[in-house]
>>> print(open('run-v5.txt').read())   # compact mmCIF, C-alpha atoms and all ligand atoms
# COMPACT_ATOMS: atom_id res chain seq x y z
CA MET S 28 23.21 5.77 -1.51
CA LYS S 29 21.23 7.98 -3.81
CA PHE S 30 20.25 10.72 -1.39
CA THR S 31 20.45 14.26 -2.54
CA ASP S 32 19.46 17.72 -1.38
CA SER S 33 18.31 18.74 -4.84
CA PRO S 34 14.75 20.13 -5.06
CA VAL S 35 13.45 17.02 -6.82
CA ILE S 36 14.44 13.46 -5.94
CA GLU S 37 13.65 10.69 -8.40
CA LEU S 38 12.89 7.35 -6.76
CA PRO S 39 12.54 4.33 -9.03
CA VAL S 40 10.02 1.97 -7.47
CA ALA S 41 7.85 -0.88 -8.74
CA GLY S 42 8.89 -0.26 -12.34
CA THR S 43 7.97 3.41 -12.29
CA THR S 44 9.46 6.59 -10.82
CA LEU S 45 8.24 8.85 -8.03
CA SER S 46 9.35 12.49 -8.29
CA LEU S 47 9.62 13.95 -4.82
CA HIS S 48 9.62 17.69 -4.38
CA GLN S 49 11.32 18.93 -1.26
CA ASN S 50 12.07 22.27 0.27
CA ASN S 51 15.18 22.08 2.43
CA LEU S 52 15.01 25.79 3.20
CA SER S 53 11.66 25.67 4.95
CA MET S 54 11.40 25.91 8.73
CA HIS S 55 9.87 22.45 8.99
CA VAL S 56 11.70 19.12 8.83
CA GLY S 57 8.69 17.48 7.20
CA THR S 58 9.11 19.36 3.93
CA SER S 59 12.40 17.54 3.22
CA VAL S 60 12.75 13.97 2.03
CA TRP S 61 14.66 12.02 4.68
CA PRO S 62 16.89 9.19 3.53
CA CYS S 63 15.54 6.38 5.73
CA SER S 64 12.25 6.58 3.85
CA LEU S 65 14.13 5.77 0.62
CA VAL S 66 16.00 2.93 2.34
CA LEU S 67 12.71 1.49 3.66
CA VAL S 68 10.91 1.65 0.30
CA LYS S 69 13.82 0.15 -1.62
CA PHE S 70 14.19 -2.68 0.95
CA ILE S 71 10.58 -3.66 0.24
CA ASP S 72 11.06 -3.09 -3.51
CA ARG S 73 14.01 -5.46 -3.49
CA TRP S 74 12.22 -8.37 -1.80
CA ILE S 75 8.74 -7.99 -3.24
CA HIS S 76 10.20 -8.53 -6.70
CA THR S 77 12.17 -11.66 -5.86
CA PRO S 78 11.68 -14.15 -8.69
CA PRO S 79 9.82 -17.38 -7.85
CA ASN S 80 12.06 -20.23 -6.58
CA THR S 81 14.43 -17.70 -4.97
CA THR S 82 14.80 -17.86 -1.20
CA ASN S 83 12.97 -14.92 0.28
CA PRO S 84 12.92 -14.52 4.07
CA TYR S 85 10.31 -11.78 3.76
CA THR S 86 7.62 -13.60 1.73
CA HIS S 87 5.21 -13.75 4.66
CA LEU S 88 5.84 -10.15 5.71
CA LEU S 89 5.27 -8.80 2.23
CA ASN S 90 1.86 -10.31 1.64
CA PHE S 91 0.14 -6.94 1.23
CA GLN S 92 -3.14 -8.21 -0.20
CA SER S 93 -6.18 -6.80 1.64
CA LYS S 94 -3.97 -5.23 4.32
CA ARG S 95 -4.61 -1.83 5.90
CA ALA S 96 -1.72 0.54 6.55
CA ILE S 97 -1.00 3.96 8.01
CA GLU S 98 2.12 6.10 7.84
CA LEU S 99 3.02 8.31 10.81
CA GLY S 100 5.01 11.52 10.24
CA CYS S 101 4.93 11.00 6.48
CA GLY S 102 6.44 14.37 5.53
CA CYS S 103 6.49 14.58 1.73
CA GLY S 104 4.90 11.11 1.59
CA VAL S 105 7.77 9.09 0.13
CA ALA S 106 7.34 5.89 2.14
CA GLY S 107 3.55 5.88 1.85
CA MET S 108 3.57 6.52 -1.90
CA GLY S 109 6.33 3.98 -2.48
CA LEU S 110 4.61 1.26 -0.48
CA TYR S 111 1.34 2.04 -2.23
CA LEU S 112 3.05 1.34 -5.55
CA LEU S 113 4.43 -1.88 -4.08
CA GLY S 114 0.95 -3.16 -3.29
CA LEU S 115 0.02 -1.65 0.06
CA THR S 116 -2.93 0.02 -1.62
CA ASP S 117 -5.09 0.72 1.44
CA ILE S 118 -2.84 3.26 3.15
CA ILE S 119 -3.41 6.57 4.95
CA LEU S 120 -0.58 9.10 5.06
CA THR S 121 -0.53 11.27 8.19
CA ASP S 122 1.35 14.24 9.56
CA ILE S 123 0.72 17.61 11.21
CA PRO S 124 -0.86 20.67 9.53
CA PRO S 125 2.34 22.59 8.58
CA VAL S 126 3.46 19.61 6.49
CA MET S 127 0.18 19.15 4.61
CA PRO S 128 1.01 21.58 1.74
CA ALA S 129 4.22 19.66 0.95
CA LEU S 130 2.39 16.34 1.16
CA LYS S 131 -0.50 17.51 -1.03
CA LYS S 132 1.92 18.94 -3.59
CA ASN S 133 3.73 15.60 -3.85
CA LEU S 134 0.53 13.57 -4.01
CA LYS S 135 -0.73 15.81 -6.79
CA SER S 136 2.48 15.85 -8.84
CA ASN S 137 2.75 12.06 -8.59
CA LYS S 138 -0.89 11.41 -9.46
CA PRO S 139 0.00 10.26 -13.01
CA VAL S 140 2.17 7.54 -11.44
CA LEU S 141 -0.10 6.71 -8.51
CA LYS S 142 -3.24 6.83 -10.67
CA LYS S 143 -5.30 7.45 -7.55
CA ASN S 144 -5.82 10.03 -4.83
CA LEU S 145 -4.15 8.53 -1.79
CA LYS S 146 -5.81 9.04 1.59
CA TYR S 147 -4.19 11.47 4.01
CA SER S 148 -5.10 12.81 7.41
CA ILE S 149 -3.85 15.16 10.09
CA LEU S 150 -2.65 13.06 13.01
CA TYR S 151 -0.69 14.23 16.01
CA TRP S 152 0.71 11.23 17.83
CA ASN S 153 -0.73 12.43 21.15
CA ASN S 154 -4.22 13.13 19.83
CA LYS S 155 -6.57 10.31 20.85
CA ASP S 156 -9.48 11.64 18.78
CA GLN S 157 -7.37 11.79 15.62
CA ILE S 158 -6.08 8.29 16.29
CA ASN S 159 -9.60 6.92 16.82
CA ALA S 160 -10.81 8.74 13.69
CA VAL S 161 -8.51 6.69 11.42
CA ASN S 162 -10.15 3.53 12.75
CA PRO S 163 -7.38 1.29 14.08
CA PRO S 164 -6.10 -1.40 14.15
CA PHE S 165 -3.85 -1.52 11.06
CA ASP S 166 -1.95 -4.47 9.64
CA PHE S 167 1.00 -2.17 8.98
CA VAL S 168 2.21 1.01 10.63
CA VAL S 169 4.91 2.72 8.57
CA ALA S 170 7.33 5.38 9.82
CA ALA S 171 10.70 6.69 8.69
CA ASP S 172 13.11 9.07 10.37
CA VAL S 173 10.67 10.22 13.02
CA VAL S 174 12.67 9.67 16.24
CA TYR S 175 14.53 12.91 16.79
CA ILE S 176 12.86 14.68 19.73
CA GLU S 177 13.11 13.00 23.13
CA GLU S 178 9.89 14.57 24.44
CA SER S 179 7.77 13.15 21.63
CA VAL S 180 9.09 9.59 21.90
CA PRO S 181 6.47 8.37 24.46
CA GLU S 182 3.58 9.63 22.33
CA PHE S 183 5.08 8.09 19.19
CA VAL S 184 5.55 4.68 20.82
CA ASN S 185 2.04 4.88 22.24
CA ALA S 186 0.60 5.81 18.83
CA MET S 187 2.32 2.82 17.22
CA GLU S 188 1.03 0.53 19.97
CA VAL S 189 -2.55 1.75 19.65
CA LEU S 190 -2.56 1.75 15.85
CA VAL S 191 -0.96 -1.59 15.01
CA ALA S 192 -2.98 -4.80 15.15
CA GLU S 193 -2.03 -7.56 17.60
CA ASP S 194 -0.59 -9.55 14.68
CA GLY S 195 0.46 -6.45 12.72
CA VAL S 196 3.91 -5.10 11.91
CA VAL S 197 5.57 -1.71 12.21
CA LEU S 198 7.88 -1.02 9.25
CA LEU S 199 10.40 1.46 10.61
CA GLY S 200 13.13 3.30 8.73
CA TYR S 201 15.54 4.47 11.38
CA GLN S 202 18.66 6.49 11.95
CA ILE S 203 19.96 7.96 15.19
CA ARG S 204 19.07 11.66 15.10
CA SER S 205 19.35 12.39 18.83
CA PRO S 206 21.19 10.14 21.30
CA GLU S 207 18.68 11.01 24.04
CA ALA S 208 15.64 10.23 21.89
CA HIS S 209 17.35 7.06 20.67
CA THR S 210 17.89 5.73 24.21
CA VAL S 211 14.36 6.45 25.40
CA PHE S 212 12.85 5.13 22.17
CA TRP S 213 14.45 1.70 22.33
CA GLU S 214 13.82 1.38 26.08
CA MET S 215 10.12 1.99 25.50
CA CYS S 216 9.94 -0.16 22.37
CA GLY S 217 11.51 -3.04 24.26
CA VAL S 218 8.56 -3.07 26.65
CA VAL S 219 5.89 -3.12 23.95
CA PHE S 220 7.45 -4.75 20.88
CA ASP S 221 9.59 -7.62 19.76
CA VAL S 222 12.23 -5.95 17.64
CA GLU S 223 13.74 -7.46 14.48
CA LYS S 224 16.56 -5.59 12.78
CA VAL S 225 16.85 -6.23 9.07
CA PRO S 226 20.44 -7.31 8.31
CA HIS S 227 22.22 -4.67 6.24
CA GLU S 228 22.93 -7.17 3.50
CA ASP S 229 19.17 -7.50 3.00
CA LEU S 230 18.73 -3.78 2.29
CA HIS S 231 18.79 -2.59 -1.30
CA PRO S 232 22.48 -2.32 -2.21
CA GLU S 233 22.03 1.04 -3.94
CA TYR S 234 19.86 2.46 -1.15
CA ALA S 235 21.74 1.55 2.00
CA TYR S 236 24.35 3.25 4.13
CA GLU S 237 25.93 2.42 7.43
CA GLU S 238 23.80 4.61 9.71
CA ALA S 239 20.39 3.67 8.28
CA ASP S 240 18.40 0.68 9.46
CA VAL S 241 15.06 -0.96 8.86
CA PHE S 242 13.36 -2.48 11.88
CA LEU S 243 10.30 -4.70 12.04
CA LEU S 244 8.35 -4.29 15.28
CA ARG S 245 5.68 -6.75 16.39
CA LYS S 246 3.63 -6.47 19.56
CA LYS S 247 4.78 -8.72 22.33
CA LYS S 248 2.28 -11.51 22.86
CA LYS S 249 0.20 -11.05 26.00
CA GLN S 250 0.89 -13.77 28.59
C1 LIG K 1 12.35 14.10 9.97
S1 LIG K 1 10.74 14.22 9.31
C2 LIG K 1 10.59 12.72 8.35
C3 LIG K 1 9.55 12.86 7.28
C4 LIG K 1 9.36 11.61 6.41
N1 LIG K 1 8.96 10.48 7.19
C5 LIG K 1 10.61 11.28 5.63
O1 LIG K 1 11.26 10.28 5.96
O2 LIG K 1 10.95 12.02 4.69
C6 LIG K 1 9.73 13.84 10.75
C7 LIG K 1 8.24 13.97 10.52
O3 LIG K 1 7.54 13.60 11.71
C8 LIG K 1 6.49 14.52 11.93
N2 LIG K 1 6.19 14.63 13.36
C9 LIG K 1 7.06 15.02 14.33
N3 LIG K 1 6.44 15.03 15.53
C10 LIG K 1 5.15 14.65 15.29
C11 LIG K 1 4.02 14.47 16.14
N4 LIG K 1 4.09 14.68 17.47
N5 LIG K 1 2.86 14.05 15.57
C12 LIG K 1 2.80 13.83 14.24
N6 LIG K 1 3.84 13.98 13.39
C13 LIG K 1 5.00 14.39 13.91
C14 LIG K 1 7.04 15.84 11.38
O4 LIG K 1 6.02 16.76 11.08
C15 LIG K 1 7.82 15.38 10.15
O5 LIG K 1 7.05 15.38 8.99
>>> encode(input="run-v5.txt", output="structure tokens")
Amino acid sequence: MKFTDSPVIELPVAGTTLSLHQNNLSMHVGTSVWPCSLVLVKFIDRWIHTPPNTTNPYTHLLNFQSKRAIELGCGCGVAGMGLYLLGLTDIILTDIPPVMPALKKNLKSNKPVLKKNLKYSILYWNNKDQINAVNPPFDFVVAADVVYIEESVPEFVNAMEVLVAEDGVVLLGYQIRSPEAHTVFWEMCGVVFDVEKVPHEDLHPEYAYEEADVFLLRKKKKQ
């Protein structure tokens, strides 16, 4: 697994390379690149480039054409930028104000690769006005490594529920960061979402490790 604490992480994606600047010494977790975001991007990268006539269980999922997406807790913006390069071109990256300088720096330094100014917005998971302002619903909600504080789990699950369309999908890069948050998170998710865990053998072999998972969450159908 190519995860490193060096100041710049190079992520090959969609035939090009994102250069991600991180500051592991800052007081905020969002200024570091967290590994599940790399695992999530490279899982999509692997399957979106499957040659024709190859069995691909994710063909339907990865039809990104004309789909709207939002990333929650984007930090340095790895997942959002990576998925943009993989065809999810209508995407908004969101996080809280202290993280915005790191996000803007990475969007700017990767502009030659992205060839566009990606949309970003301040969004606290418990802020109804900010959630309404991004104009849900979205076909895809993206999040990686954001379940680590038990108290913020209910607002995160609620934000996902409000933001994702009835037939939409949450693409979640996940690793246990707090046993308490983990327990509450999956209890709450089980009420709202049908949960599909991507088998480890389907992750990108060079960007996978035992503790990291990708989950696909879909809203339970109303009876
Ligand atoms: C561990 S970092 C992961 C960052 C990024 N997703 C990655 O994988 O590199 C968690 C992110 O969630 C954001 N976050 C935490 N609580 C939040 C909240 N209540 N509302 C919005 N964002 C939040 C943090 O600011 C931080 O950027």
>>> atom_distance(input="run-v5.txt", atom1="atom CA of S:Glu182", atom2="atom CA of S:Leu115")
25.2 Å
>>> residues_near_ligand(input="run-v5.txt", ligand="ligand LIG 1 (chain K)", cutoff="8 Å", atoms="only C-alpha atoms and all ligand atoms", output="PDB file with C-alpha atoms, keeping the file's coordinate frame")
ATOM      1  CA  HIS S  55       9.870  22.450   8.990  1.00  0.00           C
ATOM      2  CA  VAL S  56      11.700  19.120   8.830  1.00  0.00           C
ATOM      3  CA  GLY S  57       8.690  17.480   7.200  1.00  0.00           C
ATOM      4  CA  THR S  58       9.110  19.360   3.930  1.00  0.00           C
ATOM      5  CA  SER S  59      12.400  17.540   3.220  1.00  0.00           C
ATOM      6  CA  VAL S  60      12.750  13.970   2.030  1.00  0.00           C
ATOM      7  CA  TRP S  61      14.660  12.020   4.680  1.00  0.00           C
ATOM      8  CA  PRO S  62      16.890   9.190   3.530  1.00  0.00           C
ATOM      9  CA  CYS S  63      15.540   6.380   5.730  1.00  0.00           C
ATOM     10  CA  SER S  64      12.250   6.580   3.850  1.00  0.00           C
ATOM     11  CA  LEU S  65      14.130   5.770   0.620  1.00  0.00           C
ATOM     12  CA  LEU S  99       3.020   8.310  10.810  1.00  0.00           C
ATOM     13  CA  GLY S 100       5.010  11.520  10.240  1.00  0.00           C
ATOM     14  CA  CYS S 101       4.930  11.000   6.480  1.00  0.00           C
ATOM     15  CA  GLY S 102       6.440  14.370   5.530  1.00  0.00           C
ATOM     16  CA  CYS S 103       6.490  14.580   1.730  1.00  0.00           C
ATOM     17  CA  GLY S 104       4.900  11.110   1.590  1.00  0.00           C
ATOM     18  CA  VAL S 105       7.770   9.090   0.130  1.00  0.00           C
ATOM     19  CA  ALA S 106       7.340   5.890   2.140  1.00  0.00           C
ATOM     20  CA  THR S 121      -0.530  11.270   8.190  1.00  0.00           C
ATOM     21  CA  ASP S 122       1.350  14.240   9.560  1.00  0.00           C
ATOM     22  CA  ILE S 123       0.720  17.610  11.210  1.00  0.00           C
ATOM     23  CA  PRO S 125       2.340  22.590   8.580  1.00  0.00           C
ATOM     24  CA  VAL S 126       3.460  19.610   6.490  1.00  0.00           C
ATOM     25  CA  ILE S 149      -3.850  15.160  10.090  1.00  0.00           C
ATOM     26  CA  LEU S 150      -2.650  13.060  13.010  1.00  0.00           C
ATOM     27  CA  TYR S 151      -0.690  14.230  16.010  1.00  0.00           C
ATOM     28  CA  TRP S 152       0.710  11.230  17.830  1.00  0.00           C
ATOM     29  CA  ASN S 153      -0.730  12.430  21.150  1.00  0.00           C
ATOM     30  CA  ALA S 170       7.330   5.380   9.820  1.00  0.00           C
ATOM     31  CA  ALA S 171      10.700   6.690   8.690  1.00  0.00           C
ATOM     32  CA  ASP S 172      13.110   9.070  10.370  1.00  0.00           C
ATOM     33  CA  VAL S 173      10.670  10.220  13.020  1.00  0.00           C
ATOM     34  CA  VAL S 174      12.670   9.670  16.240  1.00  0.00           C
ATOM     35  CA  TYR S 175      14.530  12.910  16.790  1.00  0.00           C
ATOM     36  CA  ILE S 176      12.860  14.680  19.730  1.00  0.00           C
ATOM     37  CA  SER S 179       7.770  13.150  21.630  1.00  0.00           C
ATOM     38  CA  GLU S 182       3.580   9.630  22.330  1.00  0.00           C
ATOM     39  CA  PHE S 183       5.080   8.090  19.190  1.00  0.00           C
ATOM     40  CA  GLY S 200      13.130   3.300   8.730  1.00  0.00           C
TER      41      GLY S 200
END
>>> closest_residue(input="run-v5.txt", among="S:Gln157, S:Gln49, S:Leu38, S:Ile97", to="S:Ala129", atoms="all atoms listed in the file")
S:Gln49
>>> closest_residue(input="run-v5.txt", among="S:Leu113, S:Val68, S:Asn133, S:Thr86", to="S:Val35", atoms="all atoms listed in the file")
S:Asn133
>>> residues_around(input="run-v5.txt", residues="stretch 233-246 of chain S", least_positions_apart="6", cutoff="10 Å", atoms="all atoms listed in the file", output="number ranges by chain")
S: 28-30, 62-70, 88, 167-169, 171-172, 187-188, 191-203, 216-227
>>> atom_distance(input="run-v5.txt", atom1="atom CA of S:Ser46", atom2="atom CA of S:Pro232")
20.7 Å
>>> atom_distance(input="run-v5.txt", atom1="atom CA of S:Leu112", atom2="atom CA of S:Lys143")
10.5 Å
>>> closest_residue(input="run-v5.txt", among="S:Glu177, S:Glu37, S:Asp166, S:Glu207", to="S:Val189", atoms="only C-alpha atoms")
S:Asp166
>>> closest_residue(input="run-v5.txt", among="S:His48, S:Lys131, S:His76, S:Lys248", to="S:His231", atoms="only C-alpha atoms")
S:His76
>>> closest_residue(input="run-v5.txt", among="S:Ile118, S:Glu228, S:Leu145, S:Asp32", to="S:Pro163", atoms="only C-alpha atoms")
S:Ile118
>>> residues_around(input="run-v5.txt", residues="S:Leu141", least_positions_apart="3", cutoff="8 Å", atoms="all atoms listed in the file", output="PyMOL selection string")
chain S and resi 108+111-112+137-138+144
>>> closest_residue(input="run-v5.txt", among="S:Glu98, S:Asp156, S:Asp229, S:Asp117", to="S:Trp74", atoms="only C-alpha atoms")
S:Asp229
>>> build_atoms(input="run-v5.txt", residues="stretch 47-58 of chain S", atoms="N, CA and C atoms", output="mmCIF file, keeping the file's coordinate frame")
data_model
loop_
_atom_site.group_PDB
_atom_site.id
_atom_site.type_symbol
_atom_site.label_atom_id
_atom_site.label_comp_id
_atom_site.auth_asym_id
_atom_site.auth_seq_id
_atom_site.Cartn_x
_atom_site.Cartn_y
_atom_site.Cartn_z
ATOM 1 N N LEU S 47 9.927 13.395 -6.143
ATOM 2 C CA LEU S 47 9.620 13.950 -4.820
ATOM 3 C C LEU S 47 10.159 15.361 -4.709
ATOM 4 N N HIS S 48 9.243 16.276 -4.500
ATOM 5 C CA HIS S 48 9.620 17.690 -4.380
ATOM 6 C C HIS S 48 9.861 17.999 -2.918
ATOM 7 N N GLN S 49 11.024 18.581 -2.645
ATOM 8 C CA GLN S 49 11.320 18.930 -1.260
ATOM 9 C C GLN S 49 11.804 20.369 -1.178
ATOM 10 N N ASN S 50 11.625 20.908 0.017
ATOM 11 C CA ASN S 50 12.070 22.270 0.270
ATOM 12 C C ASN S 50 12.949 22.258 1.512
ATOM 13 N N ASN S 51 14.252 22.172 1.291
ATOM 14 C CA ASN S 51 15.180 22.080 2.430
ATOM 15 C C ASN S 51 15.360 23.405 3.151
ATOM 16 N N LEU S 52 14.827 24.474 2.576
ATOM 17 C CA LEU S 52 15.010 25.790 3.200
ATOM 18 C C LEU S 52 13.845 26.145 4.118
ATOM 19 N N SER S 53 12.810 25.316 4.134
ATOM 20 C CA SER S 53 11.660 25.670 4.950
ATOM 21 C C SER S 53 12.016 25.485 6.428
ATOM 22 N N MET S 54 11.146 25.991 7.295
ATOM 23 C CA MET S 54 11.400 25.910 8.730
ATOM 24 C C MET S 54 11.016 24.542 9.290
ATOM 25 N N HIS S 55 10.394 23.698 8.466
ATOM 26 C CA HIS S 55 9.870 22.450 8.990
ATOM 27 C C HIS S 55 10.583 21.234 8.409
ATOM 28 N N VAL S 56 10.968 20.303 9.290
ATOM 29 C CA VAL S 56 11.700 19.120 8.830
ATOM 30 C C VAL S 56 10.879 18.254 7.873
ATOM 31 N N GLY S 57 9.554 18.352 7.995
ATOM 32 C CA GLY S 57 8.690 17.480 7.200
ATOM 33 C C GLY S 57 8.618 17.853 5.732
ATOM 34 N N THR S 58 9.160 18.985 5.343
ATOM 35 C CA THR S 58 9.110 19.360 3.930
ATOM 36 C C THR S 58 10.353 18.874 3.166
#
